[in-house]
>>> print(open('work-v1.csv').read())   # CSV, C-alpha atoms
chain,number,residue,atom,x,y,z
A,1,MET,CA,0.0,0.0,0.0
A,2,SER,CA,1.3,3.4,-0.9
A,3,VAL,CA,1.7,5.8,2.0
A,4,PRO,CA,0.3,9.3,2.0
A,5,LYS,CA,2.6,12.3,2.2
A,6,THR,CA,0.9,15.6,2.7
A,7,GLY,CA,-2.4,17.2,1.8
A,8,LEU,CA,-6.0,16.0,1.5
A,9,ASP,CA,-5.5,14.4,-1.9
A,10,PHE,CA,-2.8,12.1,-0.5
A,11,ARG,CA,-5.0,11.3,2.5
A,12,ARG,CA,-8.0,10.5,0.3
A,13,HIS,CA,-5.8,8.3,-2.0
A,14,PHE,CA,-4.7,6.4,1.1
A,15,VAL,CA,-8.2,6.0,2.5
A,16,GLU,CA,-9.4,4.6,-0.9
A,17,GLN,CA,-6.8,1.8,-0.6
A,18,VAL,CA,-7.7,0.7,3.0
A,19,THR,CA,-9.4,-2.7,2.9
A,20,LEU,CA,-12.2,-1.6,5.2
A,21,PHE,CA,-13.2,1.2,2.9
A,22,ARG,CA,-13.0,-0.5,-0.5
A,23,GLY,CA,-16.0,-0.4,-2.8
A,24,LEU,CA,-17.6,2.8,-1.4
A,25,PRO,CA,-19.0,5.4,-3.8
A,26,ALA,CA,-16.5,8.1,-4.8
A,27,ASP,CA,-18.2,10.9,-2.9
A,28,VAL,CA,-18.1,8.9,0.4
A,29,TYR,CA,-14.3,9.1,0.5
A,30,ALA,CA,-14.4,12.9,0.7
A,31,GLU,CA,-16.8,12.5,3.6
A,32,LEU,CA,-14.4,10.0,5.3
A,33,VAL,CA,-11.5,12.4,4.9
A,34,GLY,CA,-13.6,15.2,6.3
A,35,HIS,CA,-14.5,13.3,9.4
A,36,MET,CA,-11.0,11.9,10.2
A,37,ARG,CA,-8.4,13.2,12.5
A,38,GLU,CA,-4.8,12.2,12.9
A,39,ARG,CA,-2.6,10.9,15.7
A,40,ARG,CA,1.1,10.4,15.8
A,41,VAL,CA,2.9,8.4,18.5
A,42,ALA,CA,6.6,7.8,19.3
A,43,ARG,CA,8.2,4.4,19.6
A,44,ARG,CA,6.9,2.4,22.5
A,45,GLN,CA,3.9,4.8,23.0
A,46,ARG,CA,0.5,3.3,23.2
A,47,LEU,CA,-2.4,4.1,20.9
A,48,PHE,CA,-4.8,2.5,23.3
A,49,ALA,CA,-4.7,0.1,26.2
A,50,GLU,CA,-6.6,-3.2,26.8
A,51,GLY,CA,-9.9,-2.3,28.4
A,52,ASP,CA,-10.1,1.3,27.2
A,53,PRO,CA,-13.4,2.3,25.7
A,54,ALA,CA,-13.4,1.5,21.9
A,55,ALA,CA,-14.8,4.9,21.0
A,56,ASP,CA,-12.7,5.3,17.8
A,57,VAL,CA,-11.7,3.3,14.8
A,58,LEU,CA,-8.0,3.7,13.9
A,59,VAL,CA,-6.2,2.9,10.7
A,60,LEU,CA,-2.4,2.8,10.7
A,61,CYS,CA,-1.0,5.2,8.1
A,62,THR,CA,2.7,4.7,8.7
A,63,GLY,CA,4.8,2.7,11.1
A,64,ARG,CA,4.4,-0.7,12.9
A,65,VAL,CA,2.3,-1.5,15.9
A,66,LYS,CA,2.0,-4.6,18.1
A,67,LEU,CA,-1.3,-5.8,19.6
A,68,THR,CA,-0.9,-7.5,23.0
A,69,GLN,CA,-3.0,-9.0,25.7
A,70,LEU,CA,-2.1,-9.6,29.4
A,71,ALA,CA,-2.8,-13.0,30.7
A,72,SER,CA,-4.2,-13.6,34.2
A,73,ASN,CA,-0.7,-14.7,35.4
A,74,GLY,CA,0.7,-11.3,34.3
A,75,LEU,CA,2.5,-12.6,31.2
A,76,GLN,CA,2.1,-10.5,28.0
A,77,VAL,CA,1.2,-12.2,24.7
A,78,ILE,CA,1.6,-10.6,21.3
A,79,LEU,CA,-1.5,-11.3,19.2
A,80,ARG,CA,-0.3,-9.8,16.0
A,81,LEU,CA,1.6,-7.0,14.3
A,82,ALA,CA,-0.1,-4.3,12.2
A,83,GLY,CA,1.3,-2.3,9.4
A,84,PRO,CA,0.1,0.6,7.1
A,85,GLY,CA,-3.5,0.2,6.0
A,86,GLU,CA,-4.6,-2.1,8.9
A,87,VAL,CA,-7.5,-1.3,11.3
A,88,LEU,CA,-6.3,-1.2,14.9
A,89,GLY,CA,-9.3,-0.6,17.0
A,90,GLY,CA,-13.0,-0.3,17.2
A,91,LEU,CA,-13.8,-2.8,14.5
A,92,GLY,CA,-17.1,-4.5,15.4
A,93,ALA,CA,-17.2,-2.9,18.9
A,94,GLY,CA,-20.8,-2.2,19.9
A,95,SER,CA,-22.0,0.6,22.1
A,96,GLY,CA,-20.0,0.5,25.3
A,97,GLY,CA,-17.4,-1.8,23.8
A,98,ARG,CA,-13.8,-1.9,25.0
A,99,HIS,CA,-10.5,-2.6,23.3
A,100,PRO,CA,-9.6,-6.3,23.8
A,101,ALA,CA,-5.9,-5.6,23.4
A,102,THR,CA,-3.2,-3.0,23.8
A,103,ALA,CA,-1.7,-1.3,20.7
A,104,GLU,CA,1.9,-0.1,21.2
A,105,ALA,CA,4.1,1.4,18.5
A,106,LEU,CA,7.2,-0.5,17.6
A,107,GLU,CA,8.5,2.6,15.8
A,108,PRO,CA,7.3,6.2,15.3
A,109,SER,CA,3.8,5.7,13.8
A,110,HIS,CA,0.9,7.8,12.4
A,111,ALA,CA,-2.7,6.7,12.5
A,112,LEU,CA,-5.9,8.1,11.0
A,113,VAL,CA,-8.8,8.2,13.5
A,114,TRP,CA,-12.6,8.2,13.1
A,115,ASP,CA,-15.3,8.4,15.7
A,116,ARG,CA,-16.9,4.9,15.8
A,117,ARG,CA,-20.4,6.4,15.9
A,118,ALA,CA,-19.7,8.3,12.7
A,119,LEU,CA,-18.6,5.1,10.9
A,120,ASP,CA,-21.7,3.3,12.3
A,121,GLY,CA,-23.8,5.8,10.4
A,122,LEU,CA,-21.9,5.2,7.2
A,123,THR,CA,-22.3,1.4,7.7
A,124,GLU,CA,-26.1,1.7,7.8
A,125,ARG,CA,-26.0,3.5,4.5
A,126,HIS,CA,-23.3,1.4,2.8
A,127,PRO,CA,-23.5,-2.4,3.7
A,128,VAL,CA,-20.2,-2.9,1.8
A,129,LEU,CA,-18.5,-1.8,5.0
A,130,VAL,CA,-20.0,-4.7,6.9
A,131,ARG,CA,-18.8,-7.2,4.3
A,132,ASN,CA,-15.3,-5.6,4.4
A,133,ALA,CA,-15.2,-5.8,8.2
A,134,PHE,CA,-16.3,-9.4,8.1
A,135,ARG,CA,-13.5,-10.3,5.7
A,136,ILE,CA,-10.9,-8.6,8.0
A,137,VAL,CA,-12.2,-10.3,11.1
A,138,SER,CA,-12.3,-13.7,9.3
A,139,GLU,CA,-8.7,-13.3,8.1
A,140,ARG,CA,-7.6,-12.5,11.7
A,141,MET,CA,-9.4,-15.5,13.0
A,142,ARG,CA,-7.7,-17.8,10.5
A,143,ALA,CA,-4.3,-16.4,11.5
A,144,LEU,CA,-5.1,-16.9,15.2
A,145,GLU,CA,-6.3,-20.5,14.5
A,146,GLN,CA,-3.1,-21.2,12.6
A,147,ARG,CA,-1.0,-19.9,15.5
A,148,HIS,CA,-3.1,-21.9,18.0
A,149,LEU,CA,-2.5,-25.1,15.9
A,150,GLU,CA,1.3,-24.4,16.0
A,151,LEU,CA,1.2,-23.9,19.8
A,152,ALA,CA,-0.7,-27.1,20.3
A,153,THR,CA,1.3,-29.4,17.9
A,154,GLU,CA,4.8,-28.0,17.2
A,155,ASN,CA,7.9,-27.7,19.2
A,156,VAL,CA,9.5,-24.3,20.0
A,157,PRO,CA,12.0,-24.2,17.1
A,158,ARG,CA,9.3,-24.8,14.5
A,159,ARG,CA,7.0,-22.2,16.1
A,160,LEU,CA,9.9,-19.7,16.2
A,161,ALA,CA,10.8,-20.4,12.5
A,162,HIS,CA,7.1,-20.0,11.5
A,163,ALA,CA,7.0,-16.7,13.4
A,164,LEU,CA,10.2,-15.3,11.9
A,165,LEU,CA,9.1,-16.2,8.3
A,166,ARG,CA,5.7,-14.4,8.8
A,167,LEU,CA,7.5,-11.4,10.3
A,168,VAL,CA,10.0,-11.2,7.4
A,169,ALA,CA,7.0,-11.0,5.1
A,170,GLN,CA,5.1,-8.5,7.3
A,171,VAL,CA,7.7,-6.2,8.7
A,172,GLY,CA,11.1,-7.4,7.4
A,173,ARG,CA,13.5,-4.8,6.0
A,174,PRO,CA,16.7,-5.2,4.0
A,175,PHE,CA,19.8,-5.2,6.3
A,176,GLU,CA,23.3,-6.2,5.6
A,177,GLY,CA,22.3,-8.8,3.0
A,178,GLY,CA,19.4,-10.2,5.0
A,179,ALA,CA,16.0,-9.2,6.3
A,180,LEU,CA,15.9,-7.4,9.7
A,181,VAL,CA,12.9,-8.2,12.0
A,182,SER,CA,12.9,-5.4,14.5
A,183,LEU,CA,11.6,-7.4,17.5
A,184,SER,CA,13.4,-8.2,20.7
A,185,ARG,CA,14.0,-11.8,21.8
A,186,GLN,CA,11.5,-11.2,24.6
A,187,GLU,CA,8.9,-10.1,22.1
A,188,LEU,CA,9.6,-13.2,20.0
A,189,ALA,CA,9.1,-15.3,23.1
A,190,GLU,CA,5.7,-13.6,23.7
A,191,MET,CA,4.7,-14.4,20.1
A,192,THR,CA,5.6,-18.0,20.3
A,193,GLY,CA,4.5,-19.0,23.8
A,194,THR,CA,7.9,-19.7,25.3
A,195,THR,CA,10.7,-18.1,27.4
A,196,LEU,CA,13.4,-15.5,26.7
A,197,PHE,CA,16.0,-18.1,27.6
A,198,THR,CA,14.7,-20.7,25.1
A,199,VAL,CA,14.5,-18.1,22.2
A,200,SER,CA,18.0,-17.0,23.0
A,201,ARG,CA,19.3,-20.5,23.0
A,202,ILE,CA,17.6,-21.4,19.7
A,203,LEU,CA,18.8,-18.2,18.0
A,204,GLY,CA,22.3,-18.8,19.1
A,205,ASP,CA,22.2,-22.3,17.5
A,206,TRP,CA,20.7,-20.9,14.3
A,207,GLU,CA,23.4,-18.2,14.2
A,208,LEU,CA,26.1,-20.9,14.2
A,209,ARG,CA,24.4,-22.5,11.3
A,210,GLY,CA,24.1,-19.3,9.3
A,211,LEU,CA,20.3,-19.0,9.5
A,212,VAL,CA,20.1,-15.8,11.5
A,213,ARG,CA,22.1,-13.1,13.1
A,214,PRO,CA,20.8,-11.8,16.4
A,215,ARG,CA,21.3,-8.0,16.7
A,216,ARG,CA,20.6,-5.4,19.3
A,217,GLU,CA,17.9,-3.9,17.0
A,218,GLY,CA,16.3,-7.3,16.3
A,219,VAL,CA,17.1,-10.5,14.3
A,220,VAL,CA,18.5,-10.6,10.8
A,221,VAL,CA,17.2,-13.5,8.8
A,222,ASP,CA,19.9,-14.7,6.3
A,223,ASP,CA,18.6,-18.0,5.2
A,224,THR,CA,14.8,-18.1,4.7
A,225,GLN,CA,15.0,-21.6,3.0
A,226,GLY,CA,16.8,-22.9,6.1
A,227,LEU,CA,14.0,-21.5,8.3
A,228,VAL,CA,11.4,-23.1,6.0
A,229,ALA,CA,13.1,-26.4,6.5
A,230,VAL,CA,12.9,-26.0,10.3
A,231,ALA,CA,9.3,-24.8,10.2
A,232,GLU,CA,8.3,-27.8,8.1
A,233,GLY,CA,10.1,-30.2,10.5
A,234,ALA,CA,12.8,-31.2,8.0
A,235,GLU,CA,15.6,-30.8,10.5
A,236,PRO,CA,18.3,-33.5,10.2
A,237,PRO,CA,18.1,-36.1,12.9
A,238,GLY,CA,20.1,-35.2,16.0
A,239,SER,CA,20.5,-31.5,15.0
A,240,SER,CA,20.9,-29.3,18.0
A,241,SER,CA,17.9,-27.2,17.0
A,242,ALA,CA,15.7,-30.2,16.8
A,243,ALA,CA,17.0,-31.5,20.1
A,244,SER,CA,16.2,-28.2,21.8
A,245,GLY,CA,12.5,-28.5,21.0
A,246,SER,CA,11.2,-28.1,24.5
A,247,ARG,CA,7.7,-26.6,24.8
>>> encode(input="work-v1.csv", output="structure tokens")
Amino acid sequence: MSVPKTGLDFRRHFVEQVTLFRGLPADVYAELVGHMRERRVARRQRLFAEGDPAADVLVLCTGRVKLTQLASNGLQVILRLAGPGEVLGGLGAGSGGRHPATAEALEPSHALVWDRRALDGLTERHPVLVRNAFRIVSERMRALEQRHLELATENVPRRLAHALLRLVAQVGRPFEGGALVSLSRQELAEMTGTTLFTVSRILGDWELRGLVRPRREGVVVDDTQGLVAVAEGAEPPGSSSAASGSR
């Protein structure tokens, strides 16, 4: 998705590309731009917190955001990452609804914001918004089901390999001949249902094999095909990574 620069024309062009708003009559986009406001946040700043009233619908314009939930035992779990064009909050929330997760910026980010009640009025006039929202929610459900299946059936190296491959596609950036995933080891542990120690041990093993290079700013993936082999369970018998597959 192309990112807007300045001016209403750029904002409108961006809004027209957002999945939630596709298929609307041309004159409605001008109405959407007229109702929106903008919000910019610094790295590690929250756009909203779990349990906050879901009074607004936010669409990420630039940057990257992680969506997290806090478990009853105090552990944080990363549900997903969001990039430009993705809806962050308020989708499907009824009157009095609250955000089910916390949205925190992984880098300086810029979001477009609409009052949820204003969008509810548009939805009544344009049912395509309901269909678009249903598709978005369905895709997120499929992604969560896939991650649940991995948690239930795969060891930690396979789960971590799956996660890194997804992250390369979602947020990876060229870096020193590889693809940089700007997440800490703790954040990778939160995404894969394991511990910081286990992630560090596996990444150390993969570094020796030339698959990745752990860095202060994240993890550089050098050999995606090697990670595919790990994710598919094609590890050679007795390899240290396969042997370290504790849950």
>>> atom_distance(input="work-v1.csv", atom1="atom CA of A:Arg11", atom2="atom CA of A:Ala101")
26.9 Å
>>> atom_distance(input="work-v1.csv", atom1="atom CA of A:Gly63", atom2="atom CA of A:Pro84")
6.5 Å
>>> closest_residue(input="work-v1.csv", among="A:Val168, A:Ala55, A:Ala229, A:Leu20", to="A:Arg117", atoms="all atoms listed in the file")
A:Ala55
>>> residues_around(input="work-v1.csv", residues="A:Arg135", least_positions_apart="3", cutoff="12 Å", atoms="only C-alpha atoms", output="ChimeraX atom specification")
/A:19-22,91-92,128-132,138-142
>>> closest_residue(input="work-v1.csv", among="A:Ala42, A:Val156, A:Leu47, A:Ala231", to="A:Leu196", atoms="all atoms listed in the file")
A:Val156
>>> closest_residue(input="work-v1.csv", among="A:Ala169, A:Val87, A:Ala189, A:Val199", to="A:Leu112", atoms="all atoms listed in the file")
A:Val87
>>> closest_residue(input="work-v1.csv", among="A:Leu119, A:Leu203, A:Gln76, A:Phe48", to="A:Leu88", atoms="only C-alpha atoms")
A:Phe48
>>> atom_distance(input="work-v1.csv", atom1="atom CA of A:Ala161", atom2="atom CA of A:Leu227")
5.4 Å
>>> closest_residue(input="work-v1.csv", among="A:Gly89, A:Gly193, A:Gly218, A:Gly34", to="A:Pro157", atoms="only C-alpha atoms")
A:Gly193
>>> closest_residue(input="work-v1.csv", among="A:Ala30, A:Val219, A:Ala143, A:Ala54", to="A:His99", atoms="all atoms listed in the file")
A:Ala54
>>> residues_near_point(input="work-v1.csv", point="(3.4, -10.0, 21.7)", cutoff="12 Å", atoms="only C-alpha atoms", output="PDB file with C-alpha atoms, keeping the file's coordinate frame")
ATOM      1  CA  VAL A  65       2.300  -1.500  15.900  1.00  0.00           C
ATOM      2  CA  LYS A  66       2.000  -4.600  18.100  1.00  0.00           C
ATOM      3  CA  LEU A  67      -1.300  -5.800  19.600  1.00  0.00           C
ATOM      4  CA  THR A  68      -0.900  -7.500  23.000  1.00  0.00           C
ATOM      5  CA  GLN A  69      -3.000  -9.000  25.700  1.00  0.00           C
ATOM      6  CA  LEU A  70      -2.100  -9.600  29.400  1.00  0.00           C
ATOM      7  CA  ALA A  71      -2.800 -13.000  30.700  1.00  0.00           C
ATOM      8  CA  LEU A  75       2.500 -12.600  31.200  1.00  0.00           C
ATOM      9  CA  GLN A  76       2.100 -10.500  28.000  1.00  0.00           C
ATOM     10  CA  VAL A  77       1.200 -12.200  24.700  1.00  0.00           C
ATOM     11  CA  ILE A  78       1.600 -10.600  21.300  1.00  0.00           C
ATOM     12  CA  LEU A  79      -1.500 -11.300  19.200  1.00  0.00           C
ATOM     13  CA  ARG A  80      -0.300  -9.800  16.000  1.00  0.00           C
ATOM     14  CA  LEU A  81       1.600  -7.000  14.300  1.00  0.00           C
ATOM     15  CA  ALA A  82      -0.100  -4.300  12.200  1.00  0.00           C
ATOM     16  CA  ALA A 101      -5.900  -5.600  23.400  1.00  0.00           C
ATOM     17  CA  THR A 102      -3.200  -3.000  23.800  1.00  0.00           C
ATOM     18  CA  ALA A 103      -1.700  -1.300  20.700  1.00  0.00           C
ATOM     19  CA  GLU A 104       1.900  -0.100  21.200  1.00  0.00           C
ATOM     20  CA  ALA A 105       4.100   1.400  18.500  1.00  0.00           C
ATOM     21  CA  LEU A 106       7.200  -0.500  17.600  1.00  0.00           C
ATOM     22  CA  ALA A 163       7.000 -16.700  13.400  1.00  0.00           C
ATOM     23  CA  LEU A 183      11.600  -7.400  17.500  1.00  0.00           C
ATOM     24  CA  SER A 184      13.400  -8.200  20.700  1.00  0.00           C
ATOM     25  CA  ARG A 185      14.000 -11.800  21.800  1.00  0.00           C
ATOM     26  CA  GLN A 186      11.500 -11.200  24.600  1.00  0.00           C
ATOM     27  CA  GLU A 187       8.900 -10.100  22.100  1.00  0.00           C
ATOM     28  CA  LEU A 188       9.600 -13.200  20.000  1.00  0.00           C
ATOM     29  CA  ALA A 189       9.100 -15.300  23.100  1.00  0.00           C
ATOM     30  CA  GLU A 190       5.700 -13.600  23.700  1.00  0.00           C
ATOM     31  CA  MET A 191       4.700 -14.400  20.100  1.00  0.00           C
ATOM     32  CA  THR A 192       5.600 -18.000  20.300  1.00  0.00           C
ATOM     33  CA  GLY A 193       4.500 -19.000  23.800  1.00  0.00           C
ATOM     34  CA  THR A 194       7.900 -19.700  25.300  1.00  0.00           C
TER      35      THR A 194
END
>>> residues_near_point(input="work-v1.csv", point="(-11.8, 4.8, -0.8)", cutoff="10 Å", atoms="all atoms listed in the file", output="PyMOL selection string")
chain A and resi 11-30+32-33
